[in-house]
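Asks: My file is run_25.cif. It has mmCIF, C-alpha atoms:
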data_final
#
loop_
_atom_site.label_atom_id
_atom_site.label_comp_id
_atom_site.auth_asym_id
_atom_site.auth_seq_id
_atom_site.Cartn_x
_atom_site.Cartn_y
_atom_site.Cartn_z
CA MET A 1 -22.90 -2.42 -31.50
CA LEU A 2 -22.17 -3.06 -35.17
CA LEU A 3 -25.87 -2.75 -36.10
CA PRO A 4 -27.17 0.63 -37.32
CA ALA A 5 -29.37 2.64 -34.98
CA GLY A 6 -32.54 1.80 -36.91
CA LEU A 7 -32.10 -1.93 -36.31
CA ARG A 8 -31.25 -1.88 -32.60
CA GLN A 9 -34.89 -1.20 -31.47
CA ARG A 10 -38.39 -1.56 -32.76
CA ASP A 11 -39.91 1.04 -35.04
CA GLN A 12 -41.97 3.52 -32.97
CA THR A 13 -42.97 5.93 -35.77
CA LYS A 14 -46.52 6.11 -37.06
CA LYS A 15 -45.72 7.86 -40.36
CA SER A 16 -45.27 5.96 -43.54
CA PRO A 17 -41.79 6.05 -45.12
CA THR A 18 -41.23 8.84 -47.63
CA GLY A 19 -38.64 6.98 -49.67
CA PRO A 20 -34.87 6.64 -49.77
CA LEU A 21 -32.59 9.39 -48.50
CA ASP A 22 -31.81 12.15 -51.02
CA ARG A 23 -28.87 14.07 -49.62
CA GLU A 24 -28.91 16.88 -52.21
CA ALA A 25 -32.61 17.54 -51.68
CA LEU A 26 -32.14 17.61 -47.92
CA LEU A 27 -29.30 20.16 -48.21
CA GLN A 28 -31.35 22.38 -50.50
CA TYR A 29 -34.27 22.26 -48.08
CA LEU A 30 -32.09 23.19 -45.11
CA GLU A 31 -30.50 26.06 -47.06
CA GLN A 32 -33.86 27.39 -48.18
CA GLN A 33 -35.22 27.18 -44.65
CA ALA A 34 -32.22 29.08 -43.28
CA LEU A 35 -32.72 31.86 -45.86
CA GLU A 36 -36.39 32.25 -44.98
CA VAL A 37 -35.75 32.79 -41.28
CA LYS A 38 -36.04 36.49 -40.45
CA GLU A 39 -32.95 38.05 -38.92
CA ARG A 40 -33.22 39.42 -35.40
CA ASP A 41 -33.14 43.19 -35.14
CA ASP A 42 -30.27 44.82 -33.26
CA LEU A 43 -31.09 46.38 -29.90
CA VAL A 44 -29.25 49.53 -30.98
CA PRO A 45 -29.37 50.01 -34.74
CA PHE A 46 -26.10 50.84 -36.45
CA THR A 47 -26.12 54.23 -38.13
CA GLY A 48 -22.42 54.72 -38.93
CA GLU A 49 -22.20 57.90 -36.84
CA LYS A 50 -18.84 58.52 -35.13
CA LYS A 51 -19.12 59.79 -31.59
CA GLY A 52 -16.42 61.35 -29.51
CA LYS A 53 -13.04 62.66 -30.54
CA PRO A 54 -9.97 60.64 -31.60
CA TYR A 55 -7.20 60.42 -29.01
CA ILE A 56 -4.17 62.53 -29.79
CA GLN A 57 -1.12 61.85 -27.66
CA PRO A 58 0.18 65.09 -26.16
CA LYS A 59 3.69 66.09 -27.05
CA ARG A 60 6.12 65.83 -24.16
CA GLU A 61 8.53 68.66 -23.81
CA ILE A 62 12.03 67.45 -23.00
CA PRO A 63 13.51 69.29 -19.99
CA VAL A 64 16.62 71.31 -20.54
CA GLN A 65 18.74 69.02 -18.37
CA GLU A 66 17.75 65.99 -20.49
CA GLN A 67 18.38 67.59 -23.83
CA ILE A 68 21.48 66.34 -25.62
CA THR A 69 23.41 68.80 -27.67
CA LEU A 70 25.78 67.40 -30.25
CA GLU A 71 28.40 69.11 -32.28
CA PRO A 72 27.22 70.52 -35.61
CA GLU A 73 29.26 67.96 -37.56
CA LEU A 74 27.63 65.05 -35.68
CA GLU A 75 24.16 66.58 -36.08
CA GLU A 76 24.68 66.85 -39.82
CA ALA A 77 26.10 63.31 -40.07
CA LEU A 78 23.17 61.78 -38.17
CA ALA A 79 20.63 63.78 -40.14
CA HIS A 80 21.86 62.34 -43.45
CA ALA A 81 22.69 58.81 -42.18
CA THR A 82 21.10 55.87 -43.94
CA ASP A 83 19.24 53.04 -42.24
CA ALA A 84 22.25 50.73 -42.56
CA GLU A 85 24.52 53.30 -40.93
CA MET A 86 22.04 53.91 -38.11
CA CYS A 87 21.85 50.14 -37.55
CA ASP A 88 25.64 49.94 -37.22
CA ILE A 89 25.72 52.90 -34.86
CA ALA A 90 23.03 51.32 -32.65
CA ALA A 91 25.06 48.10 -32.51
CA ILE A 92 28.22 49.95 -31.51
CA LEU A 93 26.30 51.74 -28.75
CA GLY A 94 25.05 48.38 -27.43
CA MET A 95 21.38 48.81 -28.40
CA TYR A 96 21.02 45.16 -29.37
CA THR A 97 17.26 45.11 -28.72
CA LEU A 98 16.63 47.15 -31.88
CA MET A 99 17.99 44.54 -34.27
CA SER A 100 18.50 40.86 -34.80
CA ASN A 101 21.46 38.93 -33.43
CA LYS A 102 22.96 38.58 -36.90
CA GLN A 103 22.79 42.35 -37.52
CA TYR A 104 24.32 43.05 -34.11
CA TYR A 105 27.28 40.68 -34.41
CA ASP A 106 27.91 41.62 -38.04
CA ALA A 107 28.19 45.26 -37.04
CA ILE A 108 30.41 44.51 -34.03
CA CYS A 109 32.78 42.05 -35.73
CA SER A 110 33.14 43.84 -39.07
CA GLY A 111 35.04 47.06 -39.58
CA GLU A 112 32.80 48.12 -42.46
CA ILE A 113 29.10 48.87 -42.84
CA CYS A 114 27.64 45.46 -43.58
CA ASN A 115 23.98 45.88 -42.57
CA THR A 116 21.91 46.77 -45.62
CA GLU A 117 18.40 46.12 -44.30
CA GLY A 118 18.16 48.72 -41.57
CA ILE A 119 16.75 48.59 -38.05
CA SER A 120 13.06 48.29 -38.99
CA SER A 121 13.63 45.45 -41.45
CA VAL A 122 12.00 42.05 -41.20
CA VAL A 123 14.40 39.54 -39.70
CA GLN A 124 15.21 36.86 -42.26
CA PRO A 125 16.35 33.37 -41.27
CA ASP A 126 20.04 32.68 -41.68
CA LYS A 127 21.02 30.36 -44.47
CA TYR A 128 23.37 27.68 -43.22
CA LYS A 129 25.38 25.37 -45.35
CA PRO A 130 24.13 21.79 -45.21
CA VAL A 131 26.43 19.56 -43.25
CA PRO A 132 26.93 16.21 -44.99
CA ASP A 133 26.55 13.03 -43.02
CA GLU A 134 29.62 11.23 -41.85
CA PRO A 135 30.79 8.57 -44.28
CA PRO A 136 30.22 5.00 -43.15
CA ASN A 137 32.99 3.18 -41.36
CA PRO A 138 35.04 1.44 -44.10
CA THR A 139 36.57 -1.11 -41.73
CA ASN A 140 36.46 -4.68 -42.98
CA ILE A 141 35.62 -6.75 -39.93
CA GLU A 142 36.82 -10.07 -41.38
CA GLU A 143 40.23 -8.64 -42.25
CA ILE A 144 40.50 -7.03 -38.82
CA LEU A 145 39.68 -10.35 -37.19
CA LYS A 146 42.38 -12.12 -39.22
CA SER A 147 44.95 -9.45 -38.35
CA VAL A 148 44.13 -9.64 -34.65
CA ARG A 149 44.40 -13.42 -34.67
CA SER A 150 47.72 -13.32 -36.47
CA ASN A 151 49.03 -10.63 -34.09
CA ASP A 152 49.89 -8.24 -36.91
CA LYS A 153 52.52 -5.69 -35.85
CA GLU A 154 51.07 -2.93 -38.02
CA LEU A 155 47.62 -3.13 -36.44
CA GLU A 156 47.58 -0.87 -33.37
CA GLU A 157 43.99 0.41 -33.46
CA VAL A 158 40.71 -1.45 -33.92
CA ASN A 159 37.91 1.01 -34.71
CA LEU A 160 34.47 -0.51 -35.28
CA ASN A 161 32.46 2.62 -34.43
CA ASN A 162 28.95 3.02 -35.89
CA ILE A 163 28.90 -0.41 -37.55
CA GLN A 164 25.57 -1.72 -36.30
CA ASP A 165 25.25 -4.92 -38.30
CA ILE A 166 28.15 -6.85 -36.80
CA PRO A 167 27.05 -10.34 -35.75
CA ILE A 168 27.40 -11.02 -32.04
CA PRO A 169 29.45 -14.23 -32.56
CA MET A 170 31.97 -12.27 -34.64
CA LEU A 171 32.39 -9.66 -31.91
CA ILE A 172 32.87 -12.39 -29.34
CA GLU A 173 35.50 -14.03 -31.58
CA LEU A 174 37.24 -10.65 -31.90
CA CYS A 175 37.36 -10.31 -28.11
CA GLU A 176 38.71 -13.86 -27.84
CA ALA A 177 41.45 -13.03 -30.35
CA MET A 178 42.31 -9.87 -28.41
CA LYS A 179 43.26 -11.96 -25.37
CA THR A 180 46.58 -13.01 -26.94
CA ASN A 181 47.23 -9.93 -29.08
CA THR A 182 50.23 -7.83 -28.04
CA HIS A 183 50.18 -4.97 -30.54
CA VAL A 184 46.68 -3.43 -30.47
CA ARG A 185 46.69 -0.34 -28.26
CA SER A 186 43.16 1.03 -28.89
CA PHE A 187 39.88 -0.94 -29.07
CA SER A 188 36.67 1.00 -29.86
CA LEU A 189 33.12 -0.41 -30.10
CA VAL A 190 31.06 2.80 -30.07
CA ALA A 191 27.44 2.50 -31.31
CA THR A 192 27.70 -1.14 -32.39
CA ARG A 193 24.47 -2.20 -30.60
CA SER A 194 26.53 -4.31 -28.22
CA GLY A 195 24.85 -5.79 -25.16
CA ASP A 196 25.77 -7.79 -22.09
CA PRO A 197 27.23 -10.77 -24.02
CA ILE A 198 29.76 -8.45 -25.63
CA ALA A 199 30.47 -6.78 -22.28
CA ASN A 200 31.20 -10.15 -20.70
CA ALA A 201 33.52 -11.02 -23.61
CA VAL A 202 35.31 -7.67 -23.17
CA ALA A 203 35.68 -8.37 -19.45
CA ASP A 204 37.27 -11.77 -20.15
CA MET A 205 39.59 -10.10 -22.66
CA LEU A 206 40.72 -7.48 -20.12
CA ARG A 207 41.70 -10.17 -17.63
CA GLU A 208 44.22 -11.69 -20.05
CA ASN A 209 45.30 -8.88 -22.38
CA ARG A 210 48.41 -6.97 -21.28
CA SER A 211 48.89 -4.51 -24.16
CA LEU A 212 45.59 -2.65 -24.54
CA GLN A 213 45.68 0.98 -23.39
CA SER A 214 42.34 2.45 -24.55
CA LEU A 215 38.85 0.89 -24.47
CA ASN A 216 35.70 2.67 -25.67
CA ILE A 217 32.28 0.97 -25.42
CA GLU A 218 30.05 4.07 -25.32
CA SER A 219 26.55 4.39 -26.85
CA ASN A 220 25.56 0.74 -26.60
CA PHE A 221 22.89 -1.41 -24.92
CA ILE A 222 25.01 -2.62 -21.99
CA SER A 223 23.10 -2.95 -18.71
CA SER A 224 24.35 -2.57 -15.17
CA THR A 225 25.33 -6.27 -15.04
CA GLY A 226 27.60 -5.95 -18.07
CA LEU A 227 29.16 -2.72 -16.83
CA MET A 228 29.82 -4.29 -13.44
CA ALA A 229 31.65 -7.17 -15.12
CA VAL A 230 33.82 -4.75 -17.14
CA LEU A 231 34.66 -2.65 -14.08
CA LYS A 232 35.69 -5.69 -12.06
CA ALA A 233 37.89 -6.90 -14.91
CA VAL A 234 39.64 -3.53 -15.18
CA ARG A 235 41.02 -4.02 -11.66
CA GLU A 236 42.96 -7.04 -12.94
CA ASN A 237 44.44 -5.08 -15.87
CA ALA A 238 47.47 -2.89 -15.23
CA THR A 239 48.03 -1.50 -18.76
CA LEU A 240 44.66 0.15 -19.49
CA THR A 241 44.90 3.95 -19.21
CA GLU A 242 41.62 5.08 -20.82
CA LEU A 243 38.09 3.71 -20.35
CA ARG A 244 34.86 5.15 -21.77
CA VAL A 245 31.46 3.63 -20.88
CA ASP A 246 29.04 6.58 -21.07
CA ASN A 247 25.69 6.95 -22.92
CA GLN A 248 24.26 3.48 -22.50
CA ARG A 249 20.62 2.75 -23.28
CA GLN A 250 19.63 2.77 -19.60
CA TRP A 251 21.05 4.36 -16.49
CA PRO A 252 23.29 1.77 -14.73
CA GLY A 253 22.26 2.76 -11.21
CA ASP A 254 23.85 3.93 -7.96
CA ALA A 255 25.66 0.66 -7.29
CA VAL A 256 27.48 0.81 -10.62
CA GLU A 257 28.50 4.43 -10.06
CA MET A 258 29.90 3.52 -6.64
CA GLU A 259 31.77 0.64 -8.27
CA MET A 260 33.20 3.07 -10.85
CA ALA A 261 34.52 5.33 -8.10
CA THR A 262 36.01 2.35 -6.25
CA MET A 263 37.65 1.09 -9.45
CA LEU A 264 39.26 4.47 -10.12
CA GLU A 265 40.58 4.57 -6.55
CA GLN A 266 42.09 1.09 -6.84
CA CYS A 267 43.46 1.43 -10.41
CA PRO A 268 46.12 4.16 -10.56
CA SER A 269 46.79 3.37 -14.22
CA ILE A 270 43.43 4.87 -15.36
CA VAL A 271 44.07 8.54 -16.22
CA ARG A 272 41.09 9.13 -18.56
CA PHE A 273 37.57 7.95 -17.72
CA GLY A 274 34.48 8.75 -19.79
CA TYR A 275 31.23 8.74 -17.82
CA HIS A 276 28.75 11.40 -16.62
CA PHE A 277 27.98 10.76 -12.96
CA THR A 278 24.48 11.54 -11.69
CA GLN A 279 25.24 11.22 -7.95
CA GLN A 280 27.37 13.72 -6.07
CA GLY A 281 29.19 11.19 -3.89
CA PRO A 282 30.64 8.97 -6.64
CA ARG A 283 31.38 12.06 -8.75
CA ALA A 284 33.51 13.62 -6.01
CA ARG A 285 35.35 10.37 -5.32
CA ALA A 286 36.01 9.81 -9.03
CA ALA A 287 37.31 13.36 -9.50
CA GLN A 288 39.67 13.00 -6.55
CA ALA A 289 40.91 9.61 -7.81
CA MET A 290 41.49 10.94 -11.34
CA THR A 291 43.47 13.86 -9.97
CA ARG A 292 45.64 11.49 -7.95
CA ASN A 293 46.15 9.12 -10.90
CA ASN A 294 47.22 11.91 -13.24
CA GLU A 295 49.60 13.26 -10.61
CA LEU A 296 51.17 9.81 -10.23
CA ARG A 297 51.54 9.53 -13.99
CA ARG A 298 53.22 12.96 -14.13
CA GLN A 299 55.69 11.96 -11.39
CA GLN A 300 56.50 8.71 -13.20
CA LYS A 301 57.28 10.62 -16.38
CA LYS A 302 59.67 12.90 -14.50
CA ARG A 303 61.59 9.91 -13.19
#
What do you get writing this file as structure tokens?

Replies:
Amino acid sequence: MLLPAGLRQRDQTKKSPTGPLDREALLQYLEQQALEVKERDDLVPFTGEKKGKPYIQPKREIPVQEQITLEPELEEALAHATDAEMCDIAAILGMYTLMSNKQYYDAICSGEICNTEGISSVVQPDKYKPVPDEPPNPTNIEEILKSVRSNDKELEEVNLNNIQDIPIPMLIELCEAMKTNTHVRSFSLVATRSGDPIANAVADMLRENRSLQSLNIESNFISSTGLMAVLKAVRENATLTELRVDNQRQWPGDAVEMEMATMLEQCPSIVRFGYHFTQQGPRARAAQAMTRNNELRRQQKKR
């Protein structure tokens, strides 16, 4: 298949070769041949004569009952109104199909005439201010790990969100240190590319930690096995009040959603749960359990 077409079969031509290929000469020959071909005559020759009469739309007379009579002052004001004023009037009357959305809302929300283009103007794209990217997370992981190990009283929140280059052994060491920490109230690992090994370490931490109140592991690569381990560990923790596990790389499945609903029913301490259910049954059970948990928390505060 890599051979050219001339070498795949024997030569069957009887003419002698005329020489190497001359591309320019071939193009000139084809162009000259195309110019020498006589054009085909039209079946009906074009003479430029116009036949028939141009269509003129008849004027429709407005019936008397449909005619609108305005006061002389309004007639004079509308007769001398500019395009910008007519655009504002159309917006006030609700004729939003005659203008762009920006012209309509500018006329409605502003007490002055702000449309300068008019109704028949070309709609220009709106110029929006560029939104700068969020600054990177300045958290120093090594210092956080030392503070967690030393049970620093001033450290109440560990926020490692959007730090995607954290080594897995360091995260596991952080979870191990969290087992004996008594001052950290919030632990967040959003978008840290954490997988099942981190989820298992978090589950082991939840079984021993008795001070953590908020846990956020959203937007990671945790599978259904890791989520199941975390949910089972939450049942053994009585201090956690907020858990967020949504937006994982893959859908956990029906069994995990049923386990979530069961966990919320058996853990009255959970009053905030972050997950978007896809099945109606677990969603209804979770909503009912969250309502009951929040009501119990409200009654405890009253006491």

Asks: How many Å lie between atom CA of Met178 of chain A and atom CA of Arg149 of chain A, rounded to one decimal?

Replies: 7.5 Å

Asks: When you draw a straight line from atom CA of Asp165 of chain A to atom CA of Arg210 of chain A, how long is it in Å?

Replies: 28.8 Å

Asks: Counting all atoms listed in the file, what is within 8 Å of Asn237 of chain A, bar same-chain residues fewer than 2 positions away, as a PyMOL selection string?

Replies: chain A and resi 206-210+233-235+239-240

Asks: Can you tell me which residues surround Leu174 of chain A at a distance of at most 9 Å, considering all atoms listed in the file, apart from same-chain residues fewer than 6 positions away, and format the answer as a list in words?

Replies: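 So the residues in contact are Ile144, Leu145, Val148 and Arg149 of chain A.
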
Asks: Expand the PyMOL selection byres ((chain A and resi 231) around 9) into the explicit residue set it covers here, and present it as a CSV table (one decimal) with C-alpha atoms, in the frame of the given file.

Replies:
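After the write, out_28.csv holds the following:
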chain,number,residue,atom,x,y,z
A,203,ALA,CA,35.7,-8.4,-19.4
A,226,GLY,CA,27.6,-6.0,-18.1
A,227,LEU,CA,29.2,-2.7,-16.8
A,228,MET,CA,29.8,-4.3,-13.4
A,229,ALA,CA,31.6,-7.2,-15.1
A,230,VAL,CA,33.8,-4.8,-17.1
A,232,LYS,CA,35.7,-5.7,-12.1
A,233,ALA,CA,37.9,-6.9,-14.9
A,234,VAL,CA,39.6,-3.5,-15.2
A,235,ARG,CA,41.0,-4.0,-11.7
A,256,VAL,CA,27.5,0.8,-10.6
A,259,GLU,CA,31.8,0.6,-8.3
A,260,MET,CA,33.2,3.1,-10.8
A,263,MET,CA,37.6,1.1,-9.4

Asks: Please compute the atom CA of Asn162 of chain A-atom CA of Lys129 of chain A distance, one decimal, in Å.

Replies: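 These two atoms are separated by 24.5 Å.
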
Asks: Using the chain letters and residue numbers of this document, give as a list in words the residues selected by the PyMOL selection byres ((chain A and resi 255) around 12).

Replies: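 Taken on the displayed file, the PyMOL selection byres ((chain A and resi 255) around 12) yields the residues Ser224, Thr225, Leu227, Met228, Leu231, Trp251, Pro252, Gly253, Asp254, Val256, Glu257, Met258, Glu259, Met260, Ala261, Thr262, Phe277, Thr278, Gln279, Gly281 and Pro282 of chain A.
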
Asks: Please enumerate the residues selected by the PyMOL selection byres ((chain A and resi 136-142) around 10) when evaluated against the supplied file, formatted as a list in words.

Replies: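 Expected selection for the PyMOL selection byres ((chain A and resi 136-142) around 10) here is Asp133, Glu134, Pro135, Glu143, Ile144, Leu145, Lys146, Ser147, Val148, Val158, Asn159, Leu160, Asn161, Asn162, Ile163, Ile166, Met170, Leu171 and Leu174 of chain A.
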
Asks: Go through A:Glu157, A:Glu66, A:Glu31, A:Glu76 one by one, measure the shortest atom-to-atom distance of each to Leu189 of chain A using all atoms listed in the file, and give the residue with the smallest value.

Replies: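 Selected residue with least distance to Leu189 of chain A: A:Glu157.
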
Asks: Padding 5 Å on each side, edges along x, y and z: where is the centre of the box around the listed atoms of segment 170-185 of chain A, and how long are its edges in Å to one decimal? Output it as JSON.

Replies:
{"center_x": 41.1, "center_y": -7.2, "center_z": -30.0, "size_x": 28.3, "size_y": 23.7, "size_z": 19.3}

Asks: So, with all atoms listed in the file as the atoms that count, which of A:Asp42, A:Arg298, A:Pro169, A:Pro268 lies closest to Ala286 of chain A?

Replies: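 Looking at the shortest contact to Ala286 of chain A, the residue is A:Pro268.
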
Asks: Go through A:Gln248, A:Ser223, A:Thr241, A:Gln288 and flag the residue nearest Cys267 of chain A, using only C-alpha atoms for the distances.

Replies: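 The answer is A:Thr241, which sits nearest to Cys267 of chain A.
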
Asks: May I ask which of the residues A:Gly48, A:Pro20, A:Gly274, A:Gly6 is the closest one to Met290 of chain A, counting all atoms listed in the file?

Replies: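 The answer is A:Gly274, which sits nearest to Met290 of chain A.
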